[in-house]
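Report on the structure given below.
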Amino acid sequence: MAVANEKTLHDLEFDRLKGVVKAYASSSLGEEAIASLEPTTDRDAIQAGMAEVDEAISYLNRYSRFSLGGVEDIAPLLSRAEEQSFLDGQALLLVLRTLESTQRIRTNLMTAEEVDVLKRHAQRLFDGTSLAKRIRRAIDEGGEVRDDASPTLRDLTRKRRTLEARIEKKLRTTMDRNAEMISEAVITRRNGRLVIPIKSGAIGDMQAIVHDRSATGQTLYAEPSVLVPDNNMLAQLASQIRDERTRILRELTDAVVEKRTPLLRDRSILAHIDSLFARGAYAISNRCAFPRLANRIALRDARHPLLDVDKVVPISLSIGGSLRMTVITGPNTGGKTVTLKTIGLLTLMTQSIIPIPASPDSEIRIMSKIRSDIGDEQSISQNLSTFSAHMRNIVSILREADDDCLILLDELGAGTDPQEGAALGLAIIEDLLESEALVAISTHLTPLKFFAIRHPEVKTASMEFDVRTLSPTFRVVEGVPGRSNAFVIAQRLGLQPNLVKRARSFLSKGEIRAEDIIEELQRERQTMLRHRRKAEQELAEAENLKQAYQEKIEAFEQEKEGTLSSRTRELDAFLRDSQTQVEKLLAQLNAARDEETARATYRELVRIREDLQEKDQRVTLSEAAAPPSADWLSVGQIVHVRSVNADGKVMHILPHGKVTIDLSGVRLTTDARDIEPAKGRHRRDRERREATRAIRTRSNSVPLQLNVRAMTVAEALRDVEIYLDQLLLSDIKHASILHGKGTGALRDAIRNYLSSCSFITSYGPGTPREGGEGVTVFTIGGD
């Protein structure tokens, strides 16, 4: 089954995209290879193709250009050579140019740097040097057989030139003797024979054979009878030359046909190489790159490839993981359809190994099926027939939907009564959620917006609209549903305020409240974005300060080590010198025979002792000034503080061996020497107390749903145990746990745990509205 059917390829304009890429090919072979590209599901083939195109990009960045100039598609010539007896000189000249260009390409790639994959392709190219030399020796630049193509042809050609010269000499003599009969003193050729122009009235005075006459009949082209034997011999030589040339062409044709297999293989290799460089040139020209292959679709700064690269507004959007469906809302002409097409077309491009116009940290999932129902968002003729066509296509899509399918639905529920369209849309959405397909939907319908907001597996997104300029910005805003902005636009365009007010009165209270909520969400998001940008700026500044501080710390440590090392060496030298002096003085003292010498020796020993005491005091002060080591500590580590005999968590590691410890909410700063590793039991007890306090501080009241997504099984079961205790204390009978689908390991562990609890009377998956298999609902018994 094809990844994309004809409807999807047409909706996403994939053929038009390939036409853009084809323009970067340097030969008809490359154009043909690009036109034949189709999306594949072979992950290994996609990754190998990406490596090839990346090498082509690297080559172009290094050497500027690549061309298959001179390479011709000789497949038709090879077929003709098998059908006919021989190829003419022009056809052989095309083969020659292709052989020589292939050798040039082979040499260029084999001598290039850092293109190992392309070199392997080049090594497979046929070495047609000998065949090329053979054709070049026989065929000239005009595609004619050379006169010296063979010894026989060379001799025949020499004889013909000699005979022609002799005949021309005789004809000139005849014209000089009969000048009054000659119409024009030129020698020409008729029917392969050399003749002279004679006046029509004078032909009776000369024995000659007339071969032709002028248009007016005034001039006859005649061959003097005396030259008939020479012209006969000339005609015979021309026939022999013609036969020899045919023989040479036939031999060359046979030589080409003999190499048909490697020549056709070269055609395929060259077509592939040209397509690689075409895709590489397209990538460079349009700022494209390959995304990472992942388990979801996450586009960052993505642009529609068929729009002006300098004018299109980049979008960022993700589908997959725990949020397998995205519902996009917003005003008409706001970019919803372009966004859907961008998602689908960039996925097709990736699976066809064409670089996409998006950030290289984007992610694309390889899909086995891509299906779409995308209409023209500019159309104003929505009628029953249009609705029927859309529904027929959607029905077909629902039959194929599964967990390896990407589905794109534009304006779901449109084209009919809004209430009926919304009801159908909700039913279709729920069915798609159960199929676990990746889905992107655009809609104007409020019930579909509400469903997306409430459902845990559906992401909301909207196309941003600037109410000041009454124009869309074409930016995708994730997490916030969009408004239609009809009232705002109407009032800005001059509709009287009382009419706008009357129009709003026709809406239900729920619809008005919904629009107000959406507007409030948009305002809050703008505020959040401003705070986020400010926080990112402050974080960047803090990172710079941290880096500078870290560099100063490292410089200080290096200086300290150098200083201590020099002091140690100095002290070591001093001790060795002192030891030597003491040994000498003790020897002198033992040998002293008079009291004065003994006293002098003793005074020198006292001086050395005082020097040693002074040195010892300096070393002690240096060690006291050096900060204690905190290298073994890390932020978040549970340690024991000796001075207060309590365990705590390391919050900050400060300069000069200082550490900040959190002791059950109380912050304490102490020396690293005051800290030791915590005993295992104390550490586990403290971690459990912190986990309990974290859950209890999430909300003052017990929620009806516990969210354990992205947790490990151990973390989740710990939270579930505490959550059940809270539910029992609060006398709550019905609740649920949101764990997501994923691999199912977390879901199975939670349900096994619930089955072991005697007070749990029932449990199971939620309804599609509640989240299906991504949620477990349960009931607590009365006892």
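How things are named: the first chain in the structure tokens is A, the next is B, and so on; residues count from 1 in each chain; ligands count from 1 in the order shown.
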
Exercise: Ile750 in chain A partners within 10 Å, only C-alpha atoms, chain neighbours under 6 positions left out, as a count of residues only: 7

Residue list (alpha helix (DSSP H), DSSP) for range 244-420 of chain A, as JSON, numbers by chain: {"A": [244, 245, 246, 247, 248, 249, 250, 251, 252, 253, 254, 255, 256, 257, 258, 260, 261, 262, 263, 264, 265, 266, 267, 268, 269, 270, 271, 272, 273, 274, 275, 276, 277, 278, 279, 280, 281, 282, 283, 284, 285, 336, 337, 338, 339, 340, 341, 342, 343, 344, 345, 346, 347, 348, 349, 350, 351, 384, 385, 386, 387, 388, 389, 390, 391, 392, 393, 394, 395, 396, 397, 398, 399, 400, 418, 419, 420]}

Shortest interatomic distance to Ile297 in chain A - which of A:Ala35, A:Ile315, A:Ala283, A:Ile364, counting only C-alpha atoms: A:Ile364

By how many Å are CA of Gly192 in chain A and CA of Ala235 in chain A apart?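 Calculated distance between CA of Gly192 in chain A and CA of Ala235 in chain A is 6.6 Å.
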
Tell me which protein, DNA and RNA residues are within 6 Å of Ala56 in chain A, counting only C-alpha atoms, leaving out same-chain ones fewer than 3 positions away, and put them as a list in words. Val53, Tyr59, Phe277 and Gly280 of chain A

Quick one: of A:Leu409, A:Ala255, A:Leu340, A:Val327, who's nearest to His455 in chain A, counting only C-alpha atoms?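 Using only C-alpha atoms, His455 in chain A sits closest to A:Val327.
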
Write out as a PyMOL selection string the residues lying within 12 Å of Arg673 in chain A, counting only C-alpha atoms and excluding same-chain residues fewer than 5 positions away. chain A and resi 627-633+639-643+656-659

Got a sec: who's within 12 Å of Asp243 in chain A, counting only C-alpha atoms, leaving out chain neighbours fewer than 4 positions off, as an mmCIF file with N, CA and C atoms, in the first residue's frame?
```cif
data_model
loop_
_atom_site.group_PDB
_atom_site.id
_atom_site.type_symbol
_atom_site.label_atom_id
_atom_site.label_comp_id
_atom_site.auth_asym_id
_atom_site.auth_seq_id
_atom_site.Cartn_x
_atom_site.Cartn_y
_atom_site.Cartn_z
ATOM 1 N N VAL A 145 32.816 10.616 -40.018
ATOM 2 C CA VAL A 145 33.917 9.649 -39.945
ATOM 3 C C VAL A 145 35.175 10.316 -40.490
ATOM 4 N N THR A 152 42.557 1.525 -44.848
ATOM 5 C CA THR A 152 41.861 1.391 -46.131
ATOM 6 C C THR A 152 41.184 2.701 -46.519
ATOM 7 N N LEU A 153 40.488 3.307 -45.536
ATOM 8 C CA LEU A 153 39.806 4.561 -45.821
ATOM 9 C C LEU A 153 40.798 5.659 -46.150
ATOM 10 N N LEU A 156 41.902 5.029 -49.843
ATOM 11 C CA LEU A 156 40.819 5.363 -50.777
ATOM 12 C C LEU A 156 40.619 6.867 -50.870
ATOM 13 N N GLN A 236 33.322 5.012 -58.524
ATOM 14 C CA GLN A 236 33.648 3.726 -57.917
ATOM 15 C C GLN A 236 34.390 3.928 -56.592
ATOM 16 N N LEU A 237 35.339 4.904 -56.576
ATOM 17 C CA LEU A 237 36.066 5.203 -55.327
ATOM 18 C C LEU A 237 35.109 5.720 -54.255
ATOM 19 N N ALA A 238 34.156 6.565 -54.631
ATOM 20 C CA ALA A 238 33.186 7.109 -53.662
ATOM 21 C C ALA A 238 32.365 5.989 -53.049
ATOM 22 N N SER A 239 32.007 4.987 -53.893
ATOM 23 C CA SER A 239 31.238 3.868 -53.373
ATOM 24 C C SER A 239 32.071 3.058 -52.382
ATOM 25 N N ARG A 247 31.340 0.296 -42.696
ATOM 26 C CA ARG A 247 31.960 -0.778 -41.914
ATOM 27 C C ARG A 247 32.501 -0.250 -40.577
ATOM 28 N N ILE A 248 33.126 0.934 -40.605
ATOM 29 C CA ILE A 248 33.689 1.526 -39.381
ATOM 30 C C ILE A 248 32.571 1.863 -38.390
ATOM 31 N N LEU A 249 31.485 2.451 -38.891
ATOM 32 C CA LEU A 249 30.360 2.788 -38.016
ATOM 33 C C LEU A 249 29.748 1.530 -37.402
ATOM 34 N N ARG A 250 29.681 0.454 -38.214
ATOM 35 C CA ARG A 250 29.101 -0.797 -37.716
ATOM 36 C C ARG A 250 29.977 -1.388 -36.606
#
```
